[in-house]
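> The structure's right below; bear with me while I get my questions together.
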Number of protein chains: 2
Amino acid sequence: MASRLARPIILDPHGGVDPCASCEARQFSVCNAIPDADLVRLAAIAVVTEAPAGRTFIDEGEPADGFFNITAGRAKLFKLLPDGRRQITGFVGVGHFLGLAVSDTYAFSAEAIEPVRYCRFSRSKLRTLLDDFPLMEKRLLEVAANELVAAQEQMLLLGRKTARERLASFLLLQSRQGLPCGHSRRRFTLPMTRGDIADYLGLTIETVSRTLTRLRGERLIEVVSQNELLILNHHALESLAGGLT
Amino acid sequence: MASRLARPIILDPHGGVDPCASCEARQFSVCNAIPDADLVRLAAIAVVTEAPAGRTFIDEGEPADGFFNITAGRAKLFKLLPDGRRQITGFVGVGHFLGLAVSDTYAFSAEAIEPVRYCRFSRSKLRTLLDDFPLMEKRLLEVAANELVAAQEQMLLLGRKTARERLASFLLLQSRQGLPCGHSRRRFTLPMTRGDIADYLGLTIETVSRTLTRLRGERLIEVVSQNELLILNHHALESLAGGLT
DNA sequence: CGAAGGCTTTGACACAGATCAATGCGGGAC
DNA sequence: GTCCCGCATTGATCTGTGTCAAAGCCTTCG
């Protein structure tokens with residue numbers, strides 16, 4: 001992961017290779033709605049930026065002057081209450097588009113979990129681009145609709161599932177979202193801390209830890225290392241996640 | 001309300017008045033993206049339907065062959081777990097567009113709270129219409145983005161707020177969404193039952209009831225009748241909803 | 001009018017998960 | 001190696017909210 005980020009950034013506005021054409025995130029992103037021939041236009045308005053792990057690169061409440069497209073690494077999105085209580089609303093990775101909200105301030109914050117690289121688009125320039133490429137707007141609508149479905153699923157989890165059910169749901173989600181290539185999907189990495197998991201599931205660190213221990217005791221999972229995990233009984237985990245027992 | 005619904009439906013595919021042109025929901029809806037001159041096309045593909053209070057008119061998991069646009073009444077959207085636990089993901093009213101999800105089955109169910117009237121569009125016909133009116137697609141994207149923001153706010157509520165904070169947030173939301181005309185915004189109606197409120201806030205009926213009683217005791221609200229409510233101390237309610245104390 | 005049934009309120013008690021408090025562990029600096 | 005230091009685990013206890021149970025109170029309907 002770190003080695004991928006260590007490569008020099010190849011954005012070069014004054015000619016040379018078109019960075020968007022060689023972007024490895026393009027296939028996962030709404031950018032793929034822009035035809036190859038027009039990628040220069042996309043590249044012209046994209047500002048590539050990097051954020052080290054732990055850096056907050058979107059601040060809830062700040063003026064929302066830009067949109068973001070993650071091209072490397074993973075980040076967490078969250079909202080805070082004044083006393084510090086935190087709800088993580090999602091973990092996002094390569095290809096994820098951020099900042100859709102039609103509002104003048106960001107509705108959430110974003111913090112890099114791993115070193116992150118992203119393209120930043122100004123609101124007005126993206127607007128113009130979208131007007132010229134309605135297909136991209138269609139893709140954005142698709143993406144938004146899918147996120148809405150995921151958000152409703154998460155509301156069900158937060159409002160009605162028990163701690164065990166939440167963990168089961170979360171682990172299955174992570175196993176599905178695991179790095180697209182490599183890893184058998186039964187074995188995968190959790191790039192986030194227990195605290196992040198707790199804030200995503202509406203629990204405390206201790207409950208997450210205890211629940212994982214219990215799932216391990218029941219032979220549903222195996223905790224290979226602190227952030228590597230193996231699913232032993234996929235079927236039982238699915239039942240649990242679905243609310244049976 | 002009932003009298004409004006008792007009016008005859010004026011949809012008449014073989015000529016006569018254009019029903020969409022005279023639709024009172026149009027101003028609140030994405031339909032307003034269709035220019036007046038083309039409303040006939042919209043009317044041609046809309047099937048007007050009514051559902052009495054209590055009727056479930058969208059079933060989670062069923063093939064998603066249609067999209068819906070509410071033109072009268074209020075409905076609740078929800079997801080169920082196999083053992084009956086229910087999470088209400090939202091209350092929707094006039095102008096609300098349902099069924100965005102890019103999936104072949106519905107991700108949630110919808111049930112009328114009051115008598116509801118809606119326009120139903122088949123997936124393919126709406127697709128064609130959207131291709132011809134990109135402005136409507138833009139409006140849909142806006143709507144979806146706003147719903148996403150609301151969904152994230154609800155995740156914060158469900159994952160991190162206390163019962164009192166949830167009720168305060170809910171009451172303020174309802175006072176804002178109260179019927180656009182009439183009512184002073186301090187006084188408003190709750191068209192849903194305590195059970196619905198509980199399932200929306202991730203609580204039980206008893207906790208909702210007790211918490212309302214307590215807020216009443218603290219003179220933050222007044223419960224005029226079972227489903228009519230008056231906000232006495234808006235400021236204190238805002239603080240509570242925001243997580244202060 | 002009075003009976004009936006559904007919704008709401010109130011009370012007593014239970015429990016899942018939070019809080020408080022050690023202790024354990026693993027990876028980086030040197 | 002070994003000293004840190006942050007994260008994770010485990011234990012003991014507490015508590016907000018759930019559960020169970022019993023009234024209360026509208027609204028409908030005969």
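Residue numbering restarts at 1 for every chain of the structure tokens, chains are lettered A, B, ... in their displayed order, and ligands are numbered from 1 as they appear.
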Using DSSP on the backbone, list every residue of region 29-224 of chain B that comes out as alpha helix (DSSP H), and give them as a ChimeraX atom specification.
/B:39-45,123-132,134-160,163-177,194-201,205-217
> Between chain B and chain A, at 9 Å or less, what are the per-residue closest atom pairs and their distances in Å? Count only C-alpha atoms, order by chain and rising residue number, and return it as a Markdown table.

| residue | atom | partner | partner_atom | distance |
| --- | --- | --- | --- | --- |
| B:Phe78 | CA | A:Gln152 | CA | 8.6 |
| B:Lys79 | CA | A:Leu156 | CA | 6.8 |
| B:Leu80 | CA | A:Leu156 | CA | 8.0 |
| B:Leu81 | CA | A:Gly243 | CA | 6.0 |
| B:Pro82 | CA | A:Gly243 | CA | 6.6 |
| B:Asp83 | CA | A:Gly243 | CA | 7.3 |
| B:Arg85 | CA | A:Arg160 | CA | 6.6 |
| B:Arg86 | CA | A:Arg160 | CA | 7.0 |
| B:Gln87 | CA | A:Leu156 | CA | 5.3 |
| B:Ile88 | CA | A:Leu156 | CA | 8.0 |
| B:Thr89 | CA | A:Gln152 | CA | 6.2 |
| B:Gly99 | CA | A:Ala145 | CA | 8.9 |
| B:Leu100 | CA | A:Ala145 | CA | 5.7 |
| B:Ala101 | CA | A:Ala145 | CA | 4.9 |
| B:Val102 | CA | A:Glu142 | CA | 6.2 |
| B:Ser103 | CA | A:Asn146 | CA | 8.3 |
| B:Ala107 | CA | A:Val149 | CA | 6.5 |
| B:Phe108 | CA | A:Gln152 | CA | 8.3 |
| B:Pro134 | CA | A:Pro134 | CA | 7.2 |
| B:Glu137 | CA | A:Lys138 | CA | 7.3 |
| B:Lys138 | CA | A:Glu137 | CA | 7.3 |
| B:Leu140 | CA | A:Leu141 | CA | 7.4 |
| B:Leu141 | CA | A:Leu141 | CA | 5.2 |
| B:Glu142 | CA | A:Val102 | CA | 6.2 |
| B:Val143 | CA | A:Val102 | CA | 8.6 |
| B:Ala144 | CA | A:Ala144 | CA | 6.2 |
| B:Ala145 | CA | A:Ala101 | CA | 4.9 |
| B:Asn146 | CA | A:Ala101 | CA | 6.0 |
| B:Glu147 | CA | A:Leu148 | CA | 7.5 |
| B:Leu148 | CA | A:Leu148 | CA | 5.9 |
| B:Val149 | CA | A:Ala107 | CA | 6.5 |
| B:Ala151 | CA | A:Ala151 | CA | 6.2 |
| B:Gln152 | CA | A:Thr89 | CA | 6.2 |
| B:Glu153 | CA | A:Lys79 | CA | 8.0 |
| B:Gln154 | CA | A:Met155 | CA | 7.4 |
| B:Met155 | CA | A:Met155 | CA | 6.0 |
| B:Leu156 | CA | A:Gln87 | CA | 5.3 |
| B:Leu157 | CA | A:Gln87 | CA | 8.7 |
| B:Leu158 | CA | A:Gly159 | CA | 5.5 |
| B:Gly159 | CA | A:Gly202 | CA | 4.1 |
| B:Arg160 | CA | A:Gly202 | CA | 6.1 |
| B:Lys161 | CA | A:Arg85 | CA | 8.5 |
| B:Asp199 | CA | A:Gly159 | CA | 7.8 |
| B:Tyr200 | CA | A:Gly159 | CA | 8.0 |
| B:Leu201 | CA | A:Gly159 | CA | 6.9 |
| B:Gly202 | CA | A:Gly159 | CA | 4.1 |
| B:Leu203 | CA | A:Gly159 | CA | 7.5 |
| B:Gly242 | CA | A:Leu81 | CA | 6.9 |
| B:Gly243 | CA | A:Leu81 | CA | 6.0 |
| B:Leu244 | CA | A:Pro82 | CA | 7.0 |
| B:Thr245 | CA | A:Asp83 | CA | 8.9 |
> Write a file of the selected residues as a short mmCIF file (atom, residue, chain, number, x, y, z; two decimals), in the first residue's frame, keeping N, CA and C atoms.

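Result saved to part_31.cif:
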data_model
loop_
_atom_site.label_atom_id
_atom_site.label_comp_id
_atom_site.auth_asym_id
_atom_site.auth_seq_id
_atom_site.Cartn_x
_atom_site.Cartn_y
_atom_site.Cartn_z
N PHE B 78 -40.10 1.51 5.92
CA PHE B 78 -39.47 0.71 6.99
C PHE B 78 -38.84 -0.56 6.46
N LYS B 79 -37.97 -1.10 7.29
CA LYS B 79 -37.34 -2.38 7.03
C LYS B 79 -37.64 -3.29 8.22
N LEU B 80 -37.78 -4.58 7.96
CA LEU B 80 -38.11 -5.54 9.01
C LEU B 80 -37.01 -6.58 9.17
N LEU B 81 -36.85 -7.08 10.39
CA LEU B 81 -36.05 -8.27 10.61
C LEU B 81 -37.02 -9.44 10.72
N PRO B 82 -36.53 -10.66 10.47
CA PRO B 82 -37.44 -11.81 10.41
C PRO B 82 -38.30 -11.97 11.66
N ASP B 83 -37.80 -11.57 12.83
CA ASP B 83 -38.58 -11.75 14.05
C ASP B 83 -39.53 -10.59 14.32
N ARG B 85 -38.80 -7.25 14.40
CA ARG B 85 -38.22 -5.95 14.75
C ARG B 85 -38.29 -5.06 13.52
N ARG B 86 -38.65 -3.81 13.75
CA ARG B 86 -38.89 -2.91 12.63
C ARG B 86 -38.09 -1.62 12.79
N GLN B 87 -37.49 -1.16 11.73
CA GLN B 87 -36.86 0.16 11.75
C GLN B 87 -37.53 1.02 10.70
N ILE B 88 -38.17 2.09 11.14
CA ILE B 88 -38.75 3.05 10.21
C ILE B 88 -37.63 3.97 9.76
N THR B 89 -37.41 4.06 8.45
CA THR B 89 -36.28 4.84 7.95
C THR B 89 -36.70 6.26 7.58
N GLY B 99 -38.26 4.85 -4.56
CA GLY B 99 -37.88 3.72 -5.40
C GLY B 99 -36.66 3.96 -6.25
N LEU B 100 -35.88 4.98 -5.87
CA LEU B 100 -34.66 5.31 -6.60
C LEU B 100 -33.73 4.12 -6.79
N ALA B 101 -33.69 3.26 -5.77
CA ALA B 101 -32.67 2.21 -5.73
C ALA B 101 -32.47 1.50 -7.06
N VAL B 102 -31.21 1.40 -7.43
CA VAL B 102 -30.85 0.67 -8.64
C VAL B 102 -30.69 -0.79 -8.25
N SER B 103 -31.81 -1.45 -8.17
CA SER B 103 -31.78 -2.84 -7.73
C SER B 103 -33.05 -3.47 -8.28
N ALA B 107 -35.88 -2.11 -1.46
CA ALA B 107 -35.02 -2.23 -0.29
C ALA B 107 -35.78 -1.94 1.00
N PHE B 108 -37.05 -1.51 0.87
CA PHE B 108 -37.84 -1.17 2.05
C PHE B 108 -39.31 -1.33 1.72
N PRO B 134 -33.01 15.70 -18.96
CA PRO B 134 -31.88 15.60 -18.02
C PRO B 134 -32.08 16.49 -16.79
N GLU B 137 -33.40 14.46 -14.10
CA GLU B 137 -32.37 13.61 -13.50
C GLU B 137 -31.53 14.42 -12.52
N LYS B 138 -31.23 15.65 -12.90
CA LYS B 138 -30.48 16.52 -11.99
C LYS B 138 -31.24 16.73 -10.68
N LEU B 140 -33.41 14.75 -9.38
CA LEU B 140 -33.38 13.50 -8.63
C LEU B 140 -32.07 13.36 -7.87
N LEU B 141 -30.98 13.74 -8.52
CA LEU B 141 -29.68 13.66 -7.86
C LEU B 141 -29.65 14.57 -6.65
N GLU B 142 -30.17 15.77 -6.81
CA GLU B 142 -30.25 16.71 -5.68
C GLU B 142 -31.03 16.09 -4.52
N VAL B 143 -32.20 15.55 -4.87
CA VAL B 143 -33.05 14.94 -3.86
C VAL B 143 -32.32 13.81 -3.15
N ALA B 144 -31.69 12.95 -3.93
CA ALA B 144 -30.98 11.81 -3.36
C ALA B 144 -29.86 12.29 -2.44
N ALA B 145 -29.15 13.33 -2.87
CA ALA B 145 -28.05 13.85 -2.06
C ALA B 145 -28.58 14.38 -0.73
N ASN B 146 -29.70 15.07 -0.77
CA ASN B 146 -30.28 15.59 0.46
C ASN B 146 -30.74 14.47 1.38
N GLU B 147 -31.30 13.43 0.78
CA GLU B 147 -31.74 12.31 1.61
C GLU B 147 -30.55 11.61 2.25
N LEU B 148 -29.45 11.59 1.52
CA LEU B 148 -28.24 10.97 2.06
C LEU B 148 -27.77 11.74 3.29
N VAL B 149 -27.80 13.04 3.21
CA VAL B 149 -27.41 13.87 4.35
C VAL B 149 -28.34 13.60 5.54
N ALA B 151 -30.00 10.91 6.07
CA ALA B 151 -29.75 9.55 6.54
C ALA B 151 -28.54 9.53 7.48
N GLN B 152 -27.52 10.30 7.15
CA GLN B 152 -26.33 10.34 8.01
C GLN B 152 -26.67 10.97 9.35
N GLU B 153 -27.49 12.00 9.32
CA GLU B 153 -27.93 12.62 10.56
C GLU B 153 -28.69 11.60 11.41
N GLN B 154 -29.51 10.79 10.76
CA GLN B 154 -30.29 9.78 11.48
C GLN B 154 -29.37 8.70 12.06
N MET B 155 -28.28 8.39 11.35
CA MET B 155 -27.33 7.41 11.89
C MET B 155 -26.71 7.95 13.17
N LEU B 156 -26.38 9.24 13.16
CA LEU B 156 -25.83 9.85 14.38
C LEU B 156 -26.84 9.71 15.52
N LEU B 157 -28.09 9.98 15.21
CA LEU B 157 -29.15 9.88 16.21
C LEU B 157 -29.25 8.45 16.75
N LEU B 158 -29.32 7.49 15.84
CA LEU B 158 -29.54 6.10 16.25
C LEU B 158 -28.32 5.51 16.94
N GLY B 159 -27.14 5.94 16.52
CA GLY B 159 -25.94 5.33 17.07
C GLY B 159 -25.47 5.98 18.36
N ARG B 160 -25.73 7.29 18.50
CA ARG B 160 -25.05 8.01 19.58
C ARG B 160 -25.91 8.88 20.48
N LYS B 161 -27.17 9.13 20.13
CA LYS B 161 -27.95 10.02 20.98
C LYS B 161 -28.75 9.26 22.03
N ASP B 199 -40.24 3.08 16.57
CA ASP B 199 -39.52 2.35 15.54
C ASP B 199 -38.68 3.26 14.65
N TYR B 200 -39.01 4.54 14.64
CA TYR B 200 -38.20 5.49 13.89
C TYR B 200 -36.96 5.87 14.68
N LEU B 201 -37.10 5.95 16.01
CA LEU B 201 -36.01 6.43 16.86
C LEU B 201 -35.19 5.30 17.47
N GLY B 202 -35.54 4.06 17.15
CA GLY B 202 -34.80 2.95 17.72
C GLY B 202 -35.05 2.78 19.20
N LEU B 203 -36.28 3.07 19.65
CA LEU B 203 -36.63 2.95 21.07
C LEU B 203 -37.85 2.05 21.19
N GLY B 242 -29.09 18.76 19.89
CA GLY B 242 -27.71 18.87 19.45
C GLY B 242 -26.73 18.14 20.33
N GLY B 243 -27.23 17.58 21.44
CA GLY B 243 -26.36 16.78 22.29
C GLY B 243 -25.77 17.53 23.47
N LEU B 244 -26.26 18.74 23.73
CA LEU B 244 -25.78 19.46 24.91
C LEU B 244 -26.63 19.08 26.11
N THR B 245 -26.02 18.42 27.06
CA THR B 245 -26.67 17.82 28.24
C THR B 245 -27.55 16.64 27.90
#
> Would you mind listing, as a PyMOL selection string, all residues of chain D that have at least one atom within 8 Å of chain A, where only C-alpha atoms (C1' of nucleotides) are what counts?
chain D and resi 7-9
> I'd like a table as a tab-separated table: residues in region 115-142 of chain B with an atom no more than 10 Å from region 37-43 of chain B, each row giving the shortest atom pair and its distance in Å to one decimal, only C-alpha atoms counted, sorted by chain and rising residue number.

residue	atom	partner	partner_atom	distance
B:Cys119	CA	B:Ala43	CA	9.2
B:Phe121	CA	B:Leu42	CA	9.2
B:Lys125	CA	B:Leu42	CA	9.6
B:Leu126	CA	B:Leu42	CA	8.8
B:Leu129	CA	B:Leu42	CA	7.7
B:Phe133	CA	B:Asp38	CA	9.8
> Can you write out as JSON lines which residues of chain C fall within 12 Å of chain B, alongside each residue's closest atom pair and its distance in Å to one decimal, counting only C-alpha atoms (C1' of nucleotides) and ordering rows by chain and ascending residue number?

{"residue": "C:DG6", "atom": "C1'", "partner": "B:Thr193", "partner_atom": "CA", "distance": 11.2}
{"residue": "C:DC7", "atom": "C1'", "partner": "B:Thr193", "partner_atom": "CA", "distance": 8.0}
{"residue": "C:DT8", "atom": "C1'", "partner": "B:Ser209", "partner_atom": "CA", "distance": 7.4}
{"residue": "C:DT9", "atom": "C1'", "partner": "B:Ser209", "partner_atom": "CA", "distance": 6.9}
{"residue": "C:DT10", "atom": "C1'", "partner": "B:Arg210", "partner_atom": "CA", "distance": 8.3}
{"residue": "C:DG11", "atom": "C1'", "partner": "B:Arg210", "partner_atom": "CA", "distance": 11.1}
> Can you tell me how far CA of Ala112 (chain B) sits from CA of Phe57 (chain B), in Å to one decimal?
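Separation of CA of Ala112 (chain B) and CA of Phe57 (chain B): 7.4 Å.
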> What's the 12 Å shell around Leu232 (chain A), counting only C-alpha atoms (C1' of nucleotides), without same-chain residues fewer than 6 positions away, as a list of chain:residue names?
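My reading of the contact set: A:Leu171, A:Leu172, A:Arg185, A:Arg186, A:Arg187, A:Leu215, A:Arg216, A:Gly217, A:Glu218, A:Arg219, A:Leu220, A:Ile221, A:Glu222, A:Val223, A:Val224, A:Glu238.
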